[in-house]
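Participant: Here it is: the structure, laid out below.
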Amino acid sequence: MQFAEAYAAEDIVLQTARNLALEVGLSSVTPGAGSVLALLAAAGNAKAVVEIGTGTGVSGVWLLRGMRPDGVLTTIDVENEHQRIARRIFQEAGFAPSRTRIITGRALDVLPRLADGVYDLVFVDSDATEFGACAEAALRLLRPGGILIVNGALAGGRISDPAARDADTITIRETVKAIREAEHWIPALIPAGAGLLTAVKL
Ligand SMILES: C[S@@+](CC[C@H](N)C(=O)[O-])C[C@H]1O[C@@H](n2cnc3c(N)ncnc32)[C@H](O)[C@@H]1O
């Protein structure tokens, strides 16, 4: 696992974004998880991507690096201050402002305003108690063949501990189960970083 994380080398821009996240008390996707985001964005030839939980832009930069050169990342966060940092990071990473659509607001208020069936990838990395609702929204937003990725799917190692009954773990457990059982998803749980629940929409 350590080797896999170290294999995904991060440049100075990503290191800066990661350090700024720590300064404001935020977690970011690990380098290993980030490299999976770039891989899946590239494999899906992603042009239109939705990210829920901009943070300071670590995952956004990884996604943009995997997306098509004309792709647009729509990224949502409730905290304007986090997005202010992310905007600077995207610029420092060399992405034109036209490559990002940065929307400030609560995910469940913003997602209904986004168009149906036109997105290639939806990445969820915000409030765990809303993961189920975000996954449902993703089903509407994604085109057939589009990819859903939910970060934090291992619930900090608590996912398989039946004694863990906190709200976050319960929602994550229910979301992981619902996606495995639904006929419209082809799922895989990738144990990179905090765990990436990944599913392709049929
Ligand atoms: C773990 S951080 C995201 C890190 C980012 N994806 C990265 O790897 O660089 C979670 C972010 O979700 C935001 N957030 C929390 N609840 C939210 C909600 N209901 N709607 C939108 N954003 C939310 C927080 O403000 C925070 O910036």
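To be explicit about the labels: the chains of the structure tokens are called A, B, and onward in the order shown, and within each one the residues are counted from 1, while ligands get numbers from 1 in the order they are shown.
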Using only C-alpha atoms, which protein or nucleic acid residues come within 7 Å of Ile102 of chain A? Drop anything in the same chain fewer than 3 positions from it, and give the result as an MDAnalysis selection string.
Facilitator: chainID A and resid 74:76
Participant: Give me a file of those residues, with N, CA and C atoms, as a PDB file, in the first residue's frame.
Facilitator:
ATOM      1  N   THR A  74     -16.767  20.791 -13.192  1.00  0.00           N
ATOM      2  CA  THR A  74     -17.729  21.539 -12.376  1.00  0.00           C
ATOM      3  C   THR A  74     -17.511  21.094 -10.949  1.00  0.00           C
ATOM      4  N   THR A  75     -17.088  22.019 -10.093  1.00  0.00           N
ATOM      5  CA  THR A  75     -16.743  21.610  -8.732  1.00  0.00           C
ATOM      6  C   THR A  75     -17.539  22.414  -7.700  1.00  0.00           C
ATOM      7  N   ILE A  76     -18.107  21.691  -6.745  1.00  0.00           N
ATOM      8  CA  ILE A  76     -19.066  22.275  -5.790  1.00  0.00           C
ATOM      9  C   ILE A  76     -18.490  22.184  -4.376  1.00  0.00           C
TER      10      ILE A  76
END
Participant: For segment 1-4 of chain A, find every residue with an atom within 8 Å (counting only C-alpha atoms), except residues of its own chain fewer than 2 positions away, and show them as a list in words.
Facilitator: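 Everything that qualifies: Ala6, Tyr7, Ala8, Gly32 and Ala192 of chain A.
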Participant: Considering only C-alpha atoms and all ligand atoms, state which residue in the set A:Glu181, A:Asp127, A:Glu51, A:Glu5 is at the smallest distance from ligand 1.
Facilitator: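 Closest to ligand 1 of all the choices is A:Asp127.
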Participant: When the cut-off is 9 Å and you count only C-alpha atoms and all ligand atoms, which residues lie near ligand 1, shown as a ChimeraX atom specification?
Facilitator: /A:17-18,21,26-30,33-34,51-62,76-83,86,104-110,123-130,151-152
Participant: Excluding same-chain residues fewer than 2 positions from segment 170-180 of chain A, what lies within 10 Å of it counting only C-alpha atoms, as a PDB file with C-alpha atoms, in the first residue's frame?
Facilitator:
ATOM      1  CA  ALA A 128     -20.450  11.320   4.273  1.00  0.00           C
ATOM      2  CA  THR A 129     -24.043  11.497   5.518  1.00  0.00           C
ATOM      3  CA  GLU A 130     -25.026  12.778   2.042  1.00  0.00           C
ATOM      4  CA  PHE A 131     -23.168  10.071   0.071  1.00  0.00           C
ATOM      5  CA  GLY A 132     -26.370   8.128  -0.660  1.00  0.00           C
ATOM      6  CA  ALA A 133     -28.184  11.220  -1.937  1.00  0.00           C
ATOM      7  CA  CYS A 134     -25.128  12.253  -4.007  1.00  0.00           C
ATOM      8  CA  ALA A 135     -24.920   8.763  -5.544  1.00  0.00           C
ATOM      9  CA  GLU A 136     -28.602   8.993  -6.465  1.00  0.00           C
ATOM     10  CA  VAL A 150     -17.137   8.074  -3.921  1.00  0.00           C
ATOM     11  CA  ASN A 151     -14.134   8.768  -1.688  1.00  0.00           C
ATOM     12  CA  GLY A 152     -14.046   7.460   1.883  1.00  0.00           C
ATOM     13  CA  ALA A 153     -15.740   4.161   1.102  1.00  0.00           C
ATOM     14  CA  LEU A 154     -13.802   2.280   3.801  1.00  0.00           C
ATOM     15  CA  ALA A 155     -15.209   4.634   6.472  1.00  0.00           C
ATOM     16  CA  ARG A 158     -14.879   0.968  10.199  1.00  0.00           C
ATOM     17  CA  ILE A 159     -16.856  -0.294   7.185  1.00  0.00           C
ATOM     18  CA  SER A 160     -16.589  -3.986   8.143  1.00  0.00           C
ATOM     19  CA  PRO A 162     -20.478  -4.328  12.894  1.00  0.00           C
ATOM     20  CA  ALA A 164     -19.402   0.834  14.279  1.00  0.00           C
ATOM     21  CA  ARG A 165     -22.856   2.474  14.172  1.00  0.00           C
ATOM     22  CA  ASP A 166     -22.005   6.191  13.786  1.00  0.00           C
ATOM     23  CA  ALA A 167     -23.994   8.141  11.187  1.00  0.00           C
ATOM     24  CA  ASP A 168     -21.136   8.407   8.673  1.00  0.00           C
ATOM     25  CA  ALA A 182     -28.495  -2.033  -7.995  1.00  0.00           C
ATOM     26  CA  GLU A 183     -28.873  -3.370 -11.521  1.00  0.00           C
ATOM     27  CA  HIS A 184     -27.841  -0.086 -13.099  1.00  0.00           C
ATOM     28  CA  TRP A 185     -24.269   0.001 -11.739  1.00  0.00           C
ATOM     29  CA  ILE A 186     -21.132  -2.108 -12.396  1.00  0.00           C
ATOM     30  CA  PRO A 187     -19.264  -1.498  -9.111  1.00  0.00           C
ATOM     31  CA  ALA A 188     -15.777  -2.033  -7.708  1.00  0.00           C
ATOM     32  CA  LEU A 189     -14.417  -0.947  -4.343  1.00  0.00           C
ATOM     33  CA  LEU A 197     -16.345   3.183  -4.315  1.00  0.00           C
ATOM     34  CA  THR A 198     -16.355   3.182  -8.109  1.00  0.00           C
ATOM     35  CA  ALA A 199     -19.214   2.268 -10.417  1.00  0.00           C
TER      36      ALA A 199
END
Participant: Could you list, as a CSV table (one decimal) with N, CA and C atoms, in the first residue's frame, every residue within 8 Å of segment 44-50 of chain A, counting only C-alpha atoms and ignoring same-chain residues fewer than 3 positions away?
Facilitator:
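The resulting file, selection37.csv, is shown below:
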chain,number,residue,atom,x,y,z
A,40,LEU,N,-9.1,7.1,-14.2
A,40,LEU,CA,-10.5,6.9,-14.7
A,40,LEU,C,-11.0,8.0,-15.5
A,41,ALA,N,-10.6,9.2,-15.3
A,41,ALA,CA,-11.0,10.3,-16.1
A,41,ALA,C,-10.4,10.2,-17.5
A,66,GLY,N,-6.4,14.1,-15.9
A,66,GLY,CA,-6.8,13.0,-16.7
A,66,GLY,C,-7.8,13.3,-17.7
A,67,MET,N,-8.5,14.4,-17.6
A,67,MET,CA,-9.6,14.8,-18.5
A,67,MET,C,-9.1,15.2,-19.9
A,68,ARG,N,-10.0,15.3,-20.8
A,68,ARG,CA,-9.6,15.8,-22.2
A,68,ARG,C,-9.2,17.2,-22.0
A,70,ASP,N,-10.0,19.8,-23.5
A,70,ASP,CA,-11.1,20.7,-23.6
A,70,ASP,C,-12.2,20.5,-22.6
A,71,GLY,N,-11.9,19.6,-21.6
A,71,GLY,CA,-12.9,19.2,-20.6
A,71,GLY,C,-13.1,20.3,-19.5
A,72,VAL,N,-14.3,20.3,-18.9
A,72,VAL,CA,-14.6,21.2,-17.9
A,72,VAL,C,-15.0,20.5,-16.6
A,73,LEU,N,-14.3,20.9,-15.5
A,73,LEU,CA,-14.6,20.4,-14.2
A,73,LEU,C,-15.6,21.3,-13.5
A,74,THR,N,-16.8,20.8,-13.2
A,74,THR,CA,-17.7,21.5,-12.4
A,74,THR,C,-17.5,21.1,-10.9
A,75,THR,N,-17.1,22.0,-10.1
A,75,THR,CA,-16.7,21.6,-8.7
A,75,THR,C,-17.5,22.4,-7.7
A,76,ILE,N,-18.1,21.7,-6.7
A,76,ILE,CA,-19.1,22.3,-5.8
A,76,ILE,C,-18.5,22.2,-4.4
A,118,VAL,N,-25.5,14.1,-19.0
A,118,VAL,CA,-24.4,14.7,-19.8
A,118,VAL,C,-23.0,14.6,-19.2
A,119,TYR,N,-22.9,14.1,-18.0
A,119,TYR,CA,-21.6,14.0,-17.4
A,119,TYR,C,-20.9,12.7,-17.6
A,120,ASP,N,-19.6,12.7,-17.7
A,120,ASP,CA,-18.8,11.5,-17.9
A,120,ASP,C,-18.4,10.9,-16.6
A,121,LEU,N,-18.2,11.7,-15.6
A,121,LEU,CA,-17.7,11.3,-14.3
A,121,LEU,C,-18.2,12.2,-13.2
A,122,VAL,N,-18.6,11.6,-12.1
A,122,VAL,CA,-19.0,12.3,-10.9
A,122,VAL,C,-18.2,11.8,-9.7
A,123,PHE,N,-17.5,12.7,-9.1
A,123,PHE,CA,-16.6,12.4,-7.9
A,123,PHE,C,-17.2,13.0,-6.7
A,146,GLY,N,-21.0,6.4,-17.9
A,146,GLY,CA,-20.3,7.3,-17.1
A,146,GLY,C,-19.9,6.7,-15.7
A,147,ILE,N,-19.0,7.3,-15.0
A,147,ILE,CA,-18.4,6.7,-13.8
A,147,ILE,C,-18.7,7.5,-12.6
Participant: Could you give me the residues within segment 5-199 of chain A that DSSP places in alpha helix (DSSP H), as a PyMOL selection string?
Facilitator: chain A and resi 5-7+12-23+31-43+58-66+80-92+107-110+131-141+167-181
Participant: Export C-alpha atoms of the chosen residues as a PDB file, in the first residue's frame?
Facilitator:
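To be explicit, this is the file written out as again-v4.pdb:
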ATOM      1  CA  GLU A   5       0.907   5.580  -2.651  1.00  0.00           C
ATOM      2  CA  ALA A   6       4.538   6.539  -3.268  1.00  0.00           C
ATOM      3  CA  TYR A   7       4.270   5.372  -6.890  1.00  0.00           C
ATOM      4  CA  ILE A  12       4.968  21.071  -6.299  1.00  0.00           C
ATOM      5  CA  VAL A  13       1.446  22.310  -7.160  1.00  0.00           C
ATOM      6  CA  LEU A  14      -0.218  19.250  -5.636  1.00  0.00           C
ATOM      7  CA  GLN A  15       2.093  19.360  -2.623  1.00  0.00           C
ATOM      8  CA  THR A  16       1.163  23.023  -2.111  1.00  0.00           C
ATOM      9  CA  ALA A  17      -2.570  22.282  -2.379  1.00  0.00           C
ATOM     10  CA  ARG A  18      -2.163  19.410   0.092  1.00  0.00           C
ATOM     11  CA  ASN A  19      -0.273  21.590   2.588  1.00  0.00           C
ATOM     12  CA  LEU A  20      -2.873  24.365   2.292  1.00  0.00           C
ATOM     13  CA  ALA A  21      -5.594  21.789   2.992  1.00  0.00           C
ATOM     14  CA  LEU A  22      -3.813  20.785   6.179  1.00  0.00           C
ATOM     15  CA  GLU A  23      -3.547  24.449   7.192  1.00  0.00           C
ATOM     16  CA  PRO A  31      -1.709  10.513  -4.061  1.00  0.00           C
ATOM     17  CA  GLY A  32      -2.734   6.903  -4.774  1.00  0.00           C
ATOM     18  CA  ALA A  33      -6.420   7.813  -4.859  1.00  0.00           C
ATOM     19  CA  GLY A  34      -5.648  10.915  -6.936  1.00  0.00           C
ATOM     20  CA  SER A  35      -3.849   8.815  -9.512  1.00  0.00           C
ATOM     21  CA  VAL A  36      -6.928   6.556  -9.769  1.00  0.00           C
ATOM     22  CA  LEU A  37      -9.069   9.666 -10.396  1.00  0.00           C
ATOM     23  CA  ALA A  38      -6.760  10.738 -13.229  1.00  0.00           C
ATOM     24  CA  LEU A  39      -6.703   7.198 -14.602  1.00  0.00           C
ATOM     25  CA  LEU A  40     -10.504   6.866 -14.653  1.00  0.00           C
ATOM     26  CA  ALA A  41     -10.982  10.344 -16.121  1.00  0.00           C
ATOM     27  CA  ALA A  42      -8.511   9.466 -18.882  1.00  0.00           C
ATOM     28  CA  ALA A  43      -9.948   5.974 -19.457  1.00  0.00           C
ATOM     29  CA  VAL A  58      -5.985  18.342  -4.813  1.00  0.00           C
ATOM     30  CA  SER A  59      -8.547  15.982  -6.344  1.00  0.00           C
ATOM     31  CA  GLY A  60      -9.540  18.642  -8.890  1.00  0.00           C
ATOM     32  CA  VAL A  61      -6.000  18.859 -10.271  1.00  0.00           C
ATOM     33  CA  TRP A  62      -5.748  15.062 -10.500  1.00  0.00           C
ATOM     34  CA  LEU A  63      -9.094  14.930 -12.338  1.00  0.00           C
ATOM     35  CA  LEU A  64      -8.198  17.768 -14.719  1.00  0.00           C
ATOM     36  CA  ARG A  65      -4.907  16.058 -15.565  1.00  0.00           C
ATOM     37  CA  GLY A  66      -6.803  12.951 -16.663  1.00  0.00           C
ATOM     38  CA  ASN A  80     -16.052  29.801  -0.462  1.00  0.00           C
ATOM     39  CA  GLU A  81     -12.710  30.027   1.371  1.00  0.00           C
ATOM     40  CA  HIS A  82     -11.696  26.514   0.257  1.00  0.00           C
ATOM     41  CA  GLN A  83     -12.640  27.325  -3.319  1.00  0.00           C
ATOM     42  CA  ARG A  84     -10.646  30.557  -3.235  1.00  0.00           C
ATOM     43  CA  ILE A  85      -7.539  28.454  -2.564  1.00  0.00           C
ATOM     44  CA  ALA A  86      -8.537  25.826  -5.158  1.00  0.00           C
ATOM     45  CA  ARG A  87      -9.019  28.503  -7.825  1.00  0.00           C
ATOM     46  CA  ARG A  88      -5.428  29.643  -7.283  1.00  0.00           C
ATOM     47  CA  ILE A  89      -4.168  26.049  -7.346  1.00  0.00           C
ATOM     48  CA  PHE A  90      -5.951  25.333 -10.659  1.00  0.00           C
ATOM     49  CA  GLN A  91      -4.318  28.445 -12.102  1.00  0.00           C
ATOM     50  CA  GLU A  92      -0.881  27.446 -10.768  1.00  0.00           C
ATOM     51  CA  ALA A 107     -24.289  19.788  -2.797  1.00  0.00           C
ATOM     52  CA  LEU A 108     -27.941  18.848  -2.453  1.00  0.00           C
ATOM     53  CA  ASP A 109     -29.022  22.399  -3.392  1.00  0.00           C
ATOM     54  CA  VAL A 110     -26.696  22.656  -6.402  1.00  0.00           C
ATOM     55  CA  PHE A 131     -23.168  10.071   0.071  1.00  0.00           C
ATOM     56  CA  GLY A 132     -26.370   8.128  -0.660  1.00  0.00           C
ATOM     57  CA  ALA A 133     -28.184  11.220  -1.937  1.00  0.00           C
ATOM     58  CA  CYS A 134     -25.128  12.253  -4.007  1.00  0.00           C
ATOM     59  CA  ALA A 135     -24.920   8.763  -5.544  1.00  0.00           C
ATOM     60  CA  GLU A 136     -28.602   8.993  -6.465  1.00  0.00           C
ATOM     61  CA  ALA A 137     -28.022  12.388  -8.066  1.00  0.00           C
ATOM     62  CA  ALA A 138     -25.041  10.945  -9.950  1.00  0.00           C
ATOM     63  CA  LEU A 139     -27.265   8.304 -11.510  1.00  0.00           C
ATOM     64  CA  ARG A 140     -29.306  11.130 -13.043  1.00  0.00           C
ATOM     65  CA  LEU A 141     -26.322  13.271 -14.056  1.00  0.00           C
ATOM     66  CA  ALA A 167     -23.994   8.141  11.187  1.00  0.00           C
ATOM     67  CA  ASP A 168     -21.136   8.407   8.673  1.00  0.00           C
ATOM     68  CA  THR A 169     -20.328   4.692   8.772  1.00  0.00           C
ATOM     69  CA  ILE A 170     -23.985   3.711   8.495  1.00  0.00           C
ATOM     70  CA  THR A 171     -24.530   5.897   5.415  1.00  0.00           C
ATOM     71  CA  ILE A 172     -21.324   4.716   3.767  1.00  0.00           C
ATOM     72  CA  ARG A 173     -22.234   1.075   4.457  1.00  0.00           C
ATOM     73  CA  GLU A 174     -25.723   1.576   3.021  1.00  0.00           C
ATOM     74  CA  THR A 175     -24.384   3.368  -0.067  1.00  0.00           C
ATOM     75  CA  VAL A 176     -21.767   0.682  -0.763  1.00  0.00           C
ATOM     76  CA  LYS A 177     -24.444  -2.027  -0.411  1.00  0.00           C
ATOM     77  CA  ALA A 178     -27.075  -0.194  -2.486  1.00  0.00           C
ATOM     78  CA  ILE A 179     -24.650   0.310  -5.366  1.00  0.00           C
ATOM     79  CA  ARG A 180     -23.550  -3.328  -5.314  1.00  0.00           C
ATOM     80  CA  GLU A 181     -27.175  -4.481  -5.390  1.00  0.00           C
TER      81      GLU A 181
END
Participant: What is the distance, in Å and to one decimal place, between atom CA of Glu10 of chain A and atom CA of Phe95 of chain A?
Facilitator: 16.6 Å
Participant: What is the atom CA of Gly195 of chain A-atom CA of Ile149 of chain A distance in Å, reported with one decimal?
Facilitator: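 Straight-line distance from atom CA of Gly195 of chain A to atom CA of Ile149 of chain A works out to 9.8 Å.
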Participant: Please return as a CSV table (one decimal) with C-alpha atoms, in the first residue's frame: the residues of segment 33-109 of chain A that backbone DSSP assigns to strand (DSSP E).
Facilitator:
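What follows is the written file result-v8.csv:
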chain,number,residue,atom,x,y,z
A,48,ALA,CA,-17.6,16.9,-18.4
A,49,VAL,CA,-16.9,16.1,-14.8
A,50,VAL,CA,-18.7,17.0,-11.5
A,51,GLU,CA,-16.8,17.1,-8.3
A,52,ILE,CA,-18.6,17.4,-4.9
A,72,VAL,CA,-14.6,21.2,-17.9
A,73,LEU,CA,-14.6,20.4,-14.2
A,74,THR,CA,-17.7,21.5,-12.4
A,75,THR,CA,-16.7,21.6,-8.7
A,76,ILE,CA,-19.1,22.3,-5.8
A,77,ASP,CA,-18.2,23.2,-2.2
A,100,THR,CA,-13.4,24.9,-14.3
A,101,ARG,CA,-16.9,25.9,-13.2
A,102,ILE,CA,-16.6,26.6,-9.5
A,103,ILE,CA,-20.0,26.6,-7.7
A,104,THR,CA,-20.4,27.6,-4.1
Participant: Rank A:Leu196, A:Leu202, A:Val24, A:Ile190 by their smallest atom-to-atom distance to Pro144 of chain A, using only C-alpha atoms, and report the top residue only.
Facilitator: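 Smallest separation from Pro144 of chain A among the options: A:Leu202.
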Participant: Can you measure atom CA of Val200 of chain A to atom CA of Ala9 of chain A for me? One decimal in Å is fine.
Facilitator: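 Those two atoms sit 26.7 Å apart.
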Participant: Would you mind telling me which residue in A:Ala163, A:Leu148, A:Leu114, A:Gly156 lies nearest to Pro191 of chain A when using only C-alpha atoms?
Facilitator: A:Gly156
